[in-house]
Structures are given as structure tokens and as C-alpha cells.
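Peer 1: This is upload_25.cif, which holds mmCIF, C-alpha atoms:
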```
data_structure
loop_
_atom_site.label_atom_id
_atom_site.label_comp_id
_atom_site.auth_asym_id
_atom_site.auth_seq_id
_atom_site.Cartn_x
_atom_site.Cartn_y
_atom_site.Cartn_z
CA MET A 1 29.51 -3.48 -0.97
CA PRO A 2 26.30 -2.43 -2.73
CA ASP A 3 26.25 0.90 -4.55
CA PHE A 4 23.32 2.11 -2.41
CA ASP A 5 21.88 1.17 0.94
CA PHE A 6 18.34 1.52 -0.41
CA ALA A 7 16.75 1.71 -3.83
CA ILE A 8 13.18 3.04 -3.83
CA LEU A 9 11.06 2.14 -6.85
CA GLY A 10 8.37 4.81 -7.01
CA ALA A 11 8.66 8.44 -5.93
CA GLY A 12 5.03 9.08 -5.07
CA ALA A 13 3.86 9.81 -1.56
CA MET A 14 4.95 6.63 0.20
CA GLY A 15 8.23 6.16 -1.66
CA SER A 16 9.12 9.80 -1.05
CA ILE A 17 8.33 9.63 2.66
CA VAL A 18 10.44 6.53 3.23
CA GLY A 19 13.25 7.60 0.90
CA ALA A 20 13.48 11.11 2.35
CA HIS A 21 13.67 9.93 5.95
CA LEU A 22 16.33 7.33 5.13
CA ALA A 23 18.38 9.88 3.19
CA ARG A 24 18.10 12.44 6.00
CA ALA A 25 19.37 9.77 8.40
CA GLY A 26 22.53 9.42 6.31
CA HIS A 27 21.76 6.34 4.22
CA ALA A 28 22.67 6.21 0.53
CA VAL A 29 19.29 6.25 -1.23
CA ALA A 30 18.54 5.93 -4.95
CA MET A 31 15.07 7.06 -6.04
CA LEU A 32 13.93 5.41 -9.28
CA ALA A 33 11.66 7.93 -10.96
CA ARG A 34 10.62 9.11 -14.41
CA GLY A 35 9.45 12.18 -16.28
CA GLN A 36 8.36 15.26 -14.39
CA ARG A 37 8.79 13.61 -11.02
CA ALA A 38 12.42 12.77 -11.77
CA ALA A 39 13.02 16.33 -12.95
CA TYR A 40 11.50 17.70 -9.75
CA LEU A 41 13.69 15.48 -7.55
CA GLU A 42 16.81 16.47 -9.48
CA GLY A 43 16.01 20.14 -9.11
CA HIS A 44 14.50 20.33 -5.65
CA GLY A 45 15.18 17.10 -3.74
CA LEU A 46 12.48 15.60 -1.53
CA THR A 47 10.38 17.95 0.57
CA ILE A 48 8.22 16.48 3.33
CA LYS A 49 5.50 18.45 5.15
CA GLY A 50 3.02 17.59 7.86
CA LEU A 51 4.25 15.14 10.50
CA SER A 52 7.83 15.95 9.43
CA GLU A 53 9.12 19.19 7.91
CA PHE A 54 12.36 18.98 5.92
CA THR A 55 13.98 18.89 2.49
CA THR A 56 16.77 16.50 1.54
CA ARG A 57 18.71 15.69 -1.60
CA VAL A 58 18.62 12.16 -2.98
CA HIS A 59 20.27 10.38 -5.88
CA THR A 60 17.71 10.14 -8.70
CA LEU A 61 17.89 7.41 -11.32
CA ARG A 62 15.80 7.77 -14.47
CA ASP A 63 17.25 4.63 -16.10
CA PRO A 64 16.69 1.41 -14.09
CA GLY A 65 19.52 -0.16 -16.06
CA ALA A 66 21.96 2.18 -14.32
CA LEU A 67 21.25 0.59 -10.92
CA LYS A 68 23.71 -2.21 -10.25
CA SER A 69 23.16 -3.05 -6.58
CA ALA A 70 21.49 -2.01 -3.36
CA GLY A 71 21.20 -3.48 0.09
CA ALA A 72 17.40 -3.32 -0.09
CA LEU A 73 14.87 -2.63 -2.83
CA ILE A 74 11.63 -1.07 -1.57
CA VAL A 75 8.77 -1.06 -4.07
CA ALA A 76 6.38 1.83 -3.51
CA THR A 77 4.68 2.28 -6.87
CA LYS A 78 0.99 1.75 -7.54
CA THR A 79 0.38 -1.92 -8.31
CA PRO A 80 -0.46 -1.66 -12.07
CA GLY A 81 2.66 -2.37 -14.13
CA THR A 82 4.72 -3.72 -11.23
CA ALA A 83 5.90 -6.84 -13.05
CA ALA A 84 7.06 -4.81 -16.04
CA ALA A 85 8.85 -2.31 -13.79
CA LEU A 86 10.65 -5.08 -11.90
CA ALA A 87 11.70 -6.73 -15.16
CA THR A 88 13.94 -3.71 -15.80
CA LEU A 89 15.74 -4.42 -12.50
CA ARG A 90 16.37 -8.15 -12.86
CA HIS A 91 20.04 -7.49 -13.63
CA ALA A 92 20.61 -5.70 -10.30
CA GLN A 93 21.79 -7.33 -7.10
CA PHE A 94 19.67 -6.78 -3.98
CA GLY A 95 20.26 -8.17 -0.53
CA VAL A 96 16.54 -8.15 0.15
CA THR A 97 13.37 -6.88 -1.55
CA LEU A 98 10.04 -5.80 -0.10
CA SER A 99 6.94 -3.95 -1.23
CA ILE A 100 4.66 -1.56 0.63
CA GLN A 101 2.04 -1.72 -2.12
CA ASN A 102 -1.54 -2.78 -1.49
CA GLY A 103 -2.56 -6.44 -1.57
CA PRO A 104 -0.66 -9.76 -1.35
CA LEU A 105 -0.02 -10.03 -5.11
CA LYS A 106 3.07 -7.84 -4.62
CA ASN A 107 4.92 -10.64 -2.81
CA GLU A 108 4.25 -13.10 -5.62
CA ILE A 109 5.53 -10.64 -8.24
CA LEU A 110 8.70 -9.94 -6.24
CA ALA A 111 9.35 -13.67 -5.80
CA GLN A 112 8.99 -14.23 -9.53
CA ALA A 113 11.48 -11.45 -10.25
CA PHE A 114 14.16 -12.06 -7.62
CA GLY A 115 13.44 -15.41 -5.93
CA LYS A 116 11.35 -15.98 -2.84
CA GLU A 117 14.44 -16.17 -0.62
CA ARG A 118 15.11 -12.46 -1.24
CA VAL A 119 11.56 -11.31 -0.43
CA LEU A 120 10.27 -9.97 2.88
CA GLY A 121 6.62 -9.29 3.53
CA ALA A 122 5.66 -5.75 4.48
CA LEU A 123 2.62 -3.60 5.07
CA ALA A 124 2.35 0.11 5.75
CA ASP A 125 -0.15 1.75 8.06
CA THR A 126 1.34 5.00 6.89
CA SER A 127 -0.20 7.69 4.71
CA GLY A 128 0.74 10.72 2.68
CA GLU A 129 -0.24 12.70 -0.37
CA LEU A 130 1.86 13.91 -3.29
CA LEU A 131 0.87 17.56 -3.65
CA PRO A 132 0.57 19.38 -6.99
CA ASP A 133 3.69 21.45 -6.23
CA GLY A 134 5.82 18.30 -5.85
CA GLU A 135 6.05 18.35 -2.07
CA VAL A 136 4.67 15.44 -0.01
CA LEU A 137 2.23 15.79 2.86
CA PHE A 138 2.99 13.18 5.56
CA THR A 139 -0.31 12.52 7.36
CA ARG A 140 -0.16 9.17 9.15
CA ASN A 141 2.79 7.44 10.83
CA VAL A 142 1.56 4.34 12.65
CA ASN A 143 3.76 1.45 11.54
CA ILE A 144 5.45 -0.37 8.69
CA MET A 145 5.49 -4.06 9.61
CA ILE A 146 8.22 -6.26 8.13
CA GLY A 147 8.63 -10.02 8.36
CA GLU A 148 9.47 -13.32 6.72
CA LEU A 149 6.81 -14.72 4.38
CA GLU A 150 7.18 -18.15 6.00
CA GLY A 151 6.76 -16.69 9.48
CA GLY A 152 9.13 -16.50 12.41
CA ASP A 153 11.77 -13.98 13.39
CA SER A 154 14.84 -13.15 11.36
CA ALA A 155 17.84 -10.90 11.81
CA ARG A 156 17.34 -9.24 8.42
CA ALA A 157 13.72 -8.30 9.12
CA GLN A 158 14.66 -6.95 12.55
CA GLN A 159 17.59 -4.93 11.20
CA LEU A 160 15.61 -3.43 8.35
CA ALA A 161 12.72 -2.47 10.63
CA ARG A 162 15.13 -0.88 13.13
CA THR A 163 16.78 1.14 10.36
CA VAL A 164 13.52 2.52 8.98
CA ASP A 165 12.19 3.24 12.47
CA ALA A 166 15.36 5.05 13.53
CA ALA A 167 15.06 7.22 10.41
CA GLY A 168 11.69 8.53 11.59
CA VAL A 169 9.12 6.33 9.84
CA ARG A 170 7.73 3.99 12.45
CA ALA A 171 8.50 0.36 11.69
CA ALA A 172 8.67 -2.96 13.52
CA PRO A 173 9.48 -6.60 12.76
CA THR A 174 6.77 -9.24 13.08
CA PRO A 175 6.75 -13.06 12.98
CA GLU A 176 3.21 -13.07 11.50
CA ILE A 177 3.46 -10.84 8.47
CA MET A 178 1.04 -12.88 6.33
CA THR A 179 -1.69 -12.63 8.96
CA LEU A 180 -1.16 -8.89 9.21
CA GLU A 181 -0.99 -8.39 5.45
CA TRP A 182 -4.24 -10.27 4.89
CA SER A 183 -5.93 -8.53 7.81
CA LYS A 184 -5.07 -5.18 6.26
CA PHE A 185 -6.11 -6.41 2.82
CA CYS A 186 -9.52 -7.54 4.10
CA ALA A 187 -10.13 -4.07 5.54
CA TRP A 188 -8.49 -2.22 2.64
CA VAL A 189 -10.77 -3.83 0.05
CA GLY A 190 -13.84 -2.62 1.92
CA LEU A 191 -12.45 0.85 2.59
CA THR A 192 -11.32 1.35 -0.99
CA ALA A 193 -14.55 0.07 -2.55
CA LEU A 194 -16.60 2.49 -0.46
CA ALA A 195 -14.17 5.39 -0.96
CA VAL A 196 -14.32 5.07 -4.74
CA SER A 197 -18.08 4.56 -4.90
CA THR A 198 -19.05 7.32 -2.41
CA ARG A 199 -16.20 9.78 -3.19
CA ALA A 200 -16.40 10.76 0.49
CA PRO A 201 -13.78 11.30 3.20
CA THR A 202 -13.17 8.17 5.23
CA TRP A 203 -15.14 9.23 8.33
CA LYS A 204 -18.30 9.92 6.35
CA TYR A 205 -18.83 6.48 4.83
CA LEU A 206 -17.68 4.75 8.00
CA SER A 207 -20.32 6.70 9.92
CA ASP A 208 -23.19 6.02 7.51
CA PRO A 209 -25.23 2.92 8.48
CA ASP A 210 -25.77 1.70 4.90
CA SER A 211 -22.18 2.05 3.75
CA ALA A 212 -21.00 0.62 7.08
CA LEU A 213 -23.15 -2.45 6.46
CA LEU A 214 -21.74 -2.89 2.97
CA LEU A 215 -18.22 -2.54 4.34
CA VAL A 216 -18.90 -5.19 6.99
CA ARG A 217 -20.16 -7.63 4.39
CA LEU A 218 -17.18 -7.00 2.13
CA VAL A 219 -14.71 -7.55 4.97
CA ARG A 220 -16.53 -10.78 5.89
CA GLU A 221 -16.32 -12.09 2.33
CA MET A 222 -12.60 -11.30 2.32
CA GLY A 223 -12.31 -13.13 5.65
CA VAL A 224 -13.87 -16.22 4.04
CA LEU A 225 -11.20 -16.04 1.32
CA ALA A 226 -8.38 -15.65 3.83
CA ARG A 227 -9.55 -18.67 5.83
CA ALA A 228 -9.81 -20.75 2.66
CA LEU A 229 -6.20 -19.86 1.92
CA GLY A 230 -5.19 -20.95 5.42
CA VAL A 231 -4.49 -17.43 6.68
CA ALA A 232 -5.91 -16.21 9.99
CA VAL A 233 -7.05 -12.60 10.30
CA SER A 234 -6.31 -10.31 13.20
CA ASP A 235 -7.65 -7.14 14.78
CA ARG A 236 -4.19 -5.59 14.34
CA SER A 237 -5.20 -3.72 11.22
CA ILE A 238 -6.61 -0.43 9.99
CA LEU A 239 -9.97 -1.94 10.98
CA PRO A 240 -10.40 -4.84 13.45
CA ALA A 241 -10.90 -7.48 10.77
CA ALA A 242 -11.17 -10.48 13.10
CA SER A 243 -13.91 -8.87 15.20
CA ILE A 244 -15.78 -7.67 12.12
CA CYS A 245 -15.73 -11.22 10.74
CA SER A 246 -16.82 -12.94 13.97
CA ALA A 247 -19.26 -10.54 15.65
CA PRO A 248 -23.03 -10.50 14.95
CA GLU A 249 -23.66 -8.29 11.94
CA GLY A 250 -25.24 -5.47 13.95
CA ASP A 251 -22.31 -5.42 16.34
CA ALA A 252 -19.88 -5.38 13.41
CA VAL A 253 -21.70 -2.39 11.90
CA ALA A 254 -21.40 -0.63 15.26
CA ILE A 255 -17.64 -1.29 15.23
CA ILE A 256 -17.38 0.38 11.81
CA MET A 257 -19.47 3.36 12.87
CA ARG A 258 -17.38 3.85 16.01
CA ALA A 259 -14.31 3.86 13.79
CA GLY A 260 -16.03 6.55 11.73
CA GLY A 261 -16.44 8.67 14.84
CA GLU A 262 -12.76 8.25 15.67
CA TYR A 263 -11.72 9.26 12.15
CA ARG A 264 -14.03 12.29 12.31
CA LEU A 265 -12.43 13.36 15.59
CA ASN A 266 -8.80 12.52 14.87
CA ALA A 267 -8.41 12.53 11.06
CA PRO A 268 -11.39 14.33 9.49
CA ALA A 269 -9.51 15.00 6.24
CA HIS A 270 -8.34 11.40 5.77
CA ARG A 271 -9.12 9.94 2.37
CA MET A 272 -8.05 6.63 0.90
CA SER A 273 -5.29 6.77 -1.71
CA ALA A 274 -7.76 5.42 -4.27
CA LEU A 275 -9.87 8.54 -3.79
CA HIS A 276 -6.80 10.70 -4.46
CA ASP A 277 -6.32 8.70 -7.68
CA VAL A 278 -9.96 9.22 -8.71
CA GLU A 279 -9.70 12.96 -8.24
CA ALA A 280 -6.34 13.17 -10.04
CA GLY A 281 -7.49 11.08 -13.00
CA ARG A 282 -4.96 8.34 -12.30
CA PRO A 283 -5.70 4.65 -13.00
CA LEU A 284 -7.11 2.71 -10.07
CA GLU A 285 -5.59 -0.43 -8.58
CA VAL A 286 -8.42 -2.72 -9.68
CA ASN A 287 -7.10 -5.93 -11.26
CA GLU A 288 -4.15 -6.25 -8.88
CA THR A 289 -6.28 -5.91 -5.73
CA LEU A 290 -10.02 -6.62 -6.04
CA GLY A 291 -9.36 -8.62 -9.20
CA TYR A 292 -6.64 -10.64 -7.47
CA ALA A 293 -9.03 -11.48 -4.63
CA CYS A 294 -11.78 -12.51 -7.05
CA ASP A 295 -9.37 -14.70 -9.01
CA LYS A 296 -8.28 -16.48 -5.83
CA ALA A 297 -11.92 -16.98 -4.79
CA ARG A 298 -12.90 -18.45 -8.16
CA ALA A 299 -9.92 -20.81 -8.10
CA LEU A 300 -11.09 -22.07 -4.71
CA GLY A 301 -14.73 -22.39 -5.80
CA LEU A 302 -15.90 -19.65 -3.42
CA ASN A 303 -18.99 -17.57 -4.12
CA LEU A 304 -18.28 -13.99 -2.95
CA PRO A 305 -21.02 -11.98 -4.71
CA LEU A 306 -20.47 -8.59 -3.08
CA LEU A 307 -16.75 -8.68 -3.83
CA GLU A 308 -17.54 -9.54 -7.46
CA ALA A 309 -20.08 -6.71 -7.65
CA PHE A 310 -17.67 -4.12 -6.29
CA LEU A 311 -14.93 -5.34 -8.63
CA ARG A 312 -17.26 -4.62 -11.57
CA LEU A 313 -18.38 -1.29 -10.11
CA VAL A 314 -14.88 0.01 -9.35
CA ALA A 315 -13.61 -1.17 -12.75
CA ALA A 316 -16.51 0.62 -14.45
CA ILE A 317 -15.88 3.81 -12.46
CA ASP A 318 -12.23 3.65 -13.45
CA ARG A 319 -12.92 3.22 -17.17
CA THR A 320 -15.80 5.68 -17.53
CA ARG A 321 -14.09 8.37 -15.46
CA ARG A 322 -10.88 8.19 -17.45
CA ASP A 323 -12.72 7.98 -20.78
CA ALA A 324 -14.26 11.34 -19.91
CA LEU A 325 -10.93 13.03 -19.16
CA PRO A 326 -9.09 14.61 -22.11
CA GLY A 327 -5.68 13.11 -22.74
CA THR A 328 -6.26 9.92 -20.71
CA ASP A 329 -6.24 6.34 -21.92
CA SER A 330 -9.21 4.04 -21.46
#
```
For this file, produce the structure as C-alpha cells.
Peer 2:
Amino acid sequence: MPDFDFAILGAGAMGSIVGAHLARAGHAVAMLARGQRAAYLEGHGLTIKGLSEFTTRVHTLRDPGALKSAGALIVATKTPGTAAALATLRHAQFGVTLSIQNGPLKNEILAQAFGKERVLGALADTSGELLPDGEVLFTRNVNIMIGELEGGDSARAQQLARTVDAAGVRAAPTPEIMTLEWSKFCAWVGLTALAVSTRAPTWKYLSDPDSALLLVRLVREMGVLARALGVAVSDRSILPAASICSAPEGDAVAIIMRAGGEYRLNAPAHRMSALHDVEAGRPLEVNETLGYACDKARALGLNLPLLEAFLRLVAAIDRTRRDALPGTDS
């Protein structure tokens, strides 16, 4: 028997939301955390506000070497440094591993660390914010999709999704996880690029005709990349990627602007996690997301000029912003 049912790598907003709900449901959960965050968890436990309101105690591990086994490893850190973090866990035994990080690179890193046979694909249409006082605001609970990287149904994906869903974080198995992951990634790249460059709440740049046009063109370039990799895109995403890629450009802009109206009505305070990182002075997920997409495009001989431009812009914003903040590294 494994020592824990779940090990959660990363105790930020998403890791805390998933870990807290699983612990409240009676599962043995180990939160891998460091520094002040580890100290907070040891002293206070996990406190969730917003869509759920509760506090629960969890087992906190500061030393990854102390973790011997878990039924499932869920990676919920920001993407920078993932490979190095997983290297400290190579000794541990996991029944299955999955990541709810942004972008498809996460699956490749997990496969390199633990073997592809132990990796499930996953994506989270779920949002939260780690507040300055250590509590977590749970703001969006749509779905965590889980499935086999090679496609098809499996008992382990179904069981894991049922367990997370029963704990209170909506989850479901899917036989087309790669399509859904890439559909989200296509939309996420556009949303993040505009969030970082405009510094605006989501509804504002979705509702602006110029930023909506840029977002459409970014999603379309990402759609070209997905097709070149043999991955279909779907409308089952945070934005309807398939329709944005196939509709006349004016119609696609209208789709984006309608989404802006819906966000303004239903989630006026919603901001992308990258915007939270900008405001908190944290490093942005640049190389592992936009950079990963650009690397794949170059390897395939694709010319995606807007994607390249936003990679350079977001990277420059990241460096110059952090250079200006006392006590931060460039």
C-alpha cells in the first residue's frame, strides 16, 4: 500500500484547492511545499474561500526525499523548474502521475521522469488565487479532464476523475485528452499574451476589437501548429478554438467579443494567472509555454510570426518588470 493516496507537488492556488478537497473527503494527502508556504500549511492547514468555505489539515512535506510512495502524484506548480523538481522525486513510487500545469510540455517532462506508462493527460478549467494571508480563493469550478495520452478509455482515468469529482472539484474522464489539452493551449496562449500585455481583466481585452483581433490571429496560428502535429482542436475549451480557427476572421472576432460580454456579466473580476504573477512579481511561464510552441513550430518549418512576436514581448515584459523590482532575479 502506498504511504499516501495523493501527493500534490505545489501548494499554490490549484494545488491547494485540489489537495484540500481530497483531504476533506478523507483521502491521505501529502502537500510538497517549501519555505513560508510550508510553514503556513504546518501552522494553519489549508483554508479555501469562495466557491467552497472550509479549513482542513494536511500532511506537509518540505523534503521531497521523505516521500516514498503515493497512489497518484499531481503536479500543480508553475511550469518553470518542473524537471528539476521532479528529479527530486524519481526515487518515489507512484501508481500514476498527472499535471494540471499549462501547456503540453508537462506531459513530456513527466514521461521523462517516471515513464510514459505512468502518465495521464490532464487539463483544468478551474481557477483560484493564493491570497496574501495564505488562504486560497476558489473562483472557477468547471472541470478537470483526465485521460490516456494515447486516447481511449481506461479504468484508472475513470477512477481518478470520479475520486476528484466526488471530493468537490469537478472532474471527468475523457478519451480525447490530447485534443482537449491542445484546444485549451491554443486559447490559453492568446489569453495569456493579451493579459500580460494589456494588464487588464479578462472581459476587457476580450471585448476590445483590436485585442480581440490579435487574440483570434494568435489562436489561429496555434491551430496551424496543432494540425501540423496531427492534433485536432475542439470547441470544448475556455474559448471555442475550432470555431475561431475555421470561421471568417470577422466572425471569429465576434465570437471573442461575445465571450468578453459573458465574462463581464458572469466573472467581471476574472484575471489570468499570468496577470496575478505579473502583479506579484513572480516569474512568468514563458519558455515552457510560448517558447515551447515556438520551438515546435520551428522544428516543423512553420512560420508563425505573431506567436514569435508575443514570445519576445512577454519575455521582455518578464525580464524588465523583474529587473525593476528590488530583491528579484533577472
Peer 1: So, counting all atoms listed in the file, which residue among A:Arg140, A:His27, A:Arg217, A:Lys204 is closest to Glu262 in chain A?
Peer 2: A:Lys204
Peer 1: Determine, counting all atoms listed in the file, which protein, DNA and RNA residues have an atom within 8 Å of an atom of Glu135 in chain A; residues of the same chain fewer than 5 positions away are not included. Present the result as a list of chain:residue names.
Peer 2: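 Final neighbour list, sorted by chain and number: A:Leu46, A:Thr47, A:Ile48, A:Lys49, A:Leu130.
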Peer 1: Evaluate the PyMOL selection byres ((chain A and resi 227) around 12) against this structure - the residues, as a PyMOL selection string, please.
Peer 2: chain A and resi 179+182-183+186+220-226+228-234+242+245+296-297+300+302
Peer 1: Okay, now the selection with C-alpha atoms, as a short mmCIF file (atom, residue, chain, number, x, y, z; two decimals), in the coordinates of the input?
Peer 2:
```cif
data_model
loop_
_atom_site.label_atom_id
_atom_site.label_comp_id
_atom_site.auth_asym_id
_atom_site.auth_seq_id
_atom_site.Cartn_x
_atom_site.Cartn_y
_atom_site.Cartn_z
CA THR A 179 -1.69 -12.63 8.96
CA TRP A 182 -4.24 -10.27 4.89
CA SER A 183 -5.93 -8.53 7.81
CA CYS A 186 -9.52 -7.54 4.10
CA ARG A 220 -16.53 -10.78 5.89
CA GLU A 221 -16.32 -12.09 2.33
CA MET A 222 -12.60 -11.30 2.32
CA GLY A 223 -12.31 -13.13 5.65
CA VAL A 224 -13.87 -16.22 4.04
CA LEU A 225 -11.20 -16.04 1.32
CA ALA A 226 -8.38 -15.65 3.83
CA ALA A 228 -9.81 -20.75 2.66
CA LEU A 229 -6.20 -19.86 1.92
CA GLY A 230 -5.19 -20.95 5.42
CA VAL A 231 -4.49 -17.43 6.68
CA ALA A 232 -5.91 -16.21 9.99
CA VAL A 233 -7.05 -12.60 10.30
CA SER A 234 -6.31 -10.31 13.20
CA ALA A 242 -11.17 -10.48 13.10
CA CYS A 245 -15.73 -11.22 10.74
CA LYS A 296 -8.28 -16.48 -5.83
CA ALA A 297 -11.92 -16.98 -4.79
CA LEU A 300 -11.09 -22.07 -4.71
CA LEU A 302 -15.90 -19.65 -3.42
#
```
Peer 1: Just to confirm, what's the straight-line distance from CA of Ala30 in chain A to CA of Ala72 in chain A in Å (one decimal)?
Peer 2: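 Atom-to-atom, CA of Ala30 in chain A to CA of Ala72 in chain A, that is 10.5 Å.
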Peer 1: Which is closer to Ala122 in chain A than all the others in A:Phe54, A:Phe185, A:Phe94, A:Phe310, using all atoms listed in the file?
Peer 2: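 Once distances to Ala122 in chain A are computed over all atoms listed in the file, the minimum belongs to A:Phe185.
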Peer 1: The PyMOL selection byres ((chain A and resi 50) around 6) on the file shown: which residues, as an MDAnalysis selection string?
Peer 2: chainID A and resid 49 51:52 137:138
Peer 1: Using all atoms listed in the file, which of A:Asp277, A:Asp295, A:Asp133, A:Glu288 sits nearest Asp318 in chain A?
Peer 2: A:Asp277
Peer 1: Please determine, counting all atoms listed in the file, which residue among A:Leu218, A:Leu89, A:Gln159, A:Ala20 has the shortest atom-to-atom distance to Gly65 in chain A.
Peer 2: A:Leu89
Peer 1: Residues within 8 Å of range 210-214 of chain A, please, as a PDB file with C-alpha atoms, in the coordinates of the input. Count all atoms listed in the file; anything in the same chain fewer than 5 positions from it doesn't count.
Peer 2:
```pdb
ATOM      1  CA  GLY A 190     -13.840  -2.620   1.920  1.00  0.00           C
ATOM      2  CA  LEU A 194     -16.600   2.490  -0.460  1.00  0.00           C
ATOM      3  CA  TYR A 205     -18.830   6.480   4.830  1.00  0.00           C
ATOM      4  CA  VAL A 253     -21.700  -2.390  11.900  1.00  0.00           C
ATOM      5  CA  ILE A 256     -17.380   0.380  11.810  1.00  0.00           C
ATOM      6  CA  MET A 257     -19.470   3.360  12.870  1.00  0.00           C
TER       7      MET A 257
END
```
Peer 1: Which of these residues is nearest to Met14 in chain A, using all atoms listed in the file: A:Thr82, A:Gln101, A:Ser237, A:Ser154?
Peer 2: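 For Met14 in chain A, the nearest of the given residues is A:Gln101.
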Peer 1: Given the PyMOL selection byres ((chain A and resi 35) around 12) and the file above, list the residues it selects as a list in words.
Peer 2: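 Checked against the file, the PyMOL selection byres ((chain A and resi 35) around 12) matches Gly10, Ala11, Leu32, Ala33, Arg34, Gln36, Arg37, Ala38, Ala39, Tyr40, Leu41, Glu42, Thr60, Leu61, Arg62 and Asp63 of chain A.
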Peer 1: Mind pulling up the distance from CA of Asn143 in chain A to CA of Asp125 in chain A?
Peer 2: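 Result for CA of Asp125 in chain A versus CA of Asn143 in chain A: 5.2 Å, one decimal.
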Peer 1: One number please: CA of Val18 in chain A to CA of Ala113 in chain A, in Å, one decimal.
Peer 2: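 Answer for the CA of Val18 in chain A to CA of Ala113 in chain A separation: 22.5 Å.
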Peer 1: Ranking A:Arg236, A:Arg90, A:Arg312, A:Lys116 by minimum distance to Ala187 in chain A and counting only C-alpha atoms, which one comes first?
Peer 2: A:Arg236
Peer 1: Give me the residues within 9 Å of Ala269 in chain A as a ChimeraX atom specification, counting all atoms listed in the file and dropping any in the same chain fewer than 5 places off.
Peer 2: /A:201-203,263-264
Peer 1: Taking 4 positions as the minimum chain separation for residues in the same chain, which residues sit within 12 Å of Ala87 in chain A when counting all atoms listed in the file? Answer as a PyMOL selection string.
Peer 2: chain A and resi 64-65+81-83+91-92+109-114
Peer 1: Excluding same-chain residues fewer than 6 positions from Gly26 in chain A, what lies within 12 Å of it counting all atoms listed in the file, as a PyMOL selection string?
Peer 2: chain A and resi 4-6+19-20+56-58+163-164+166-167
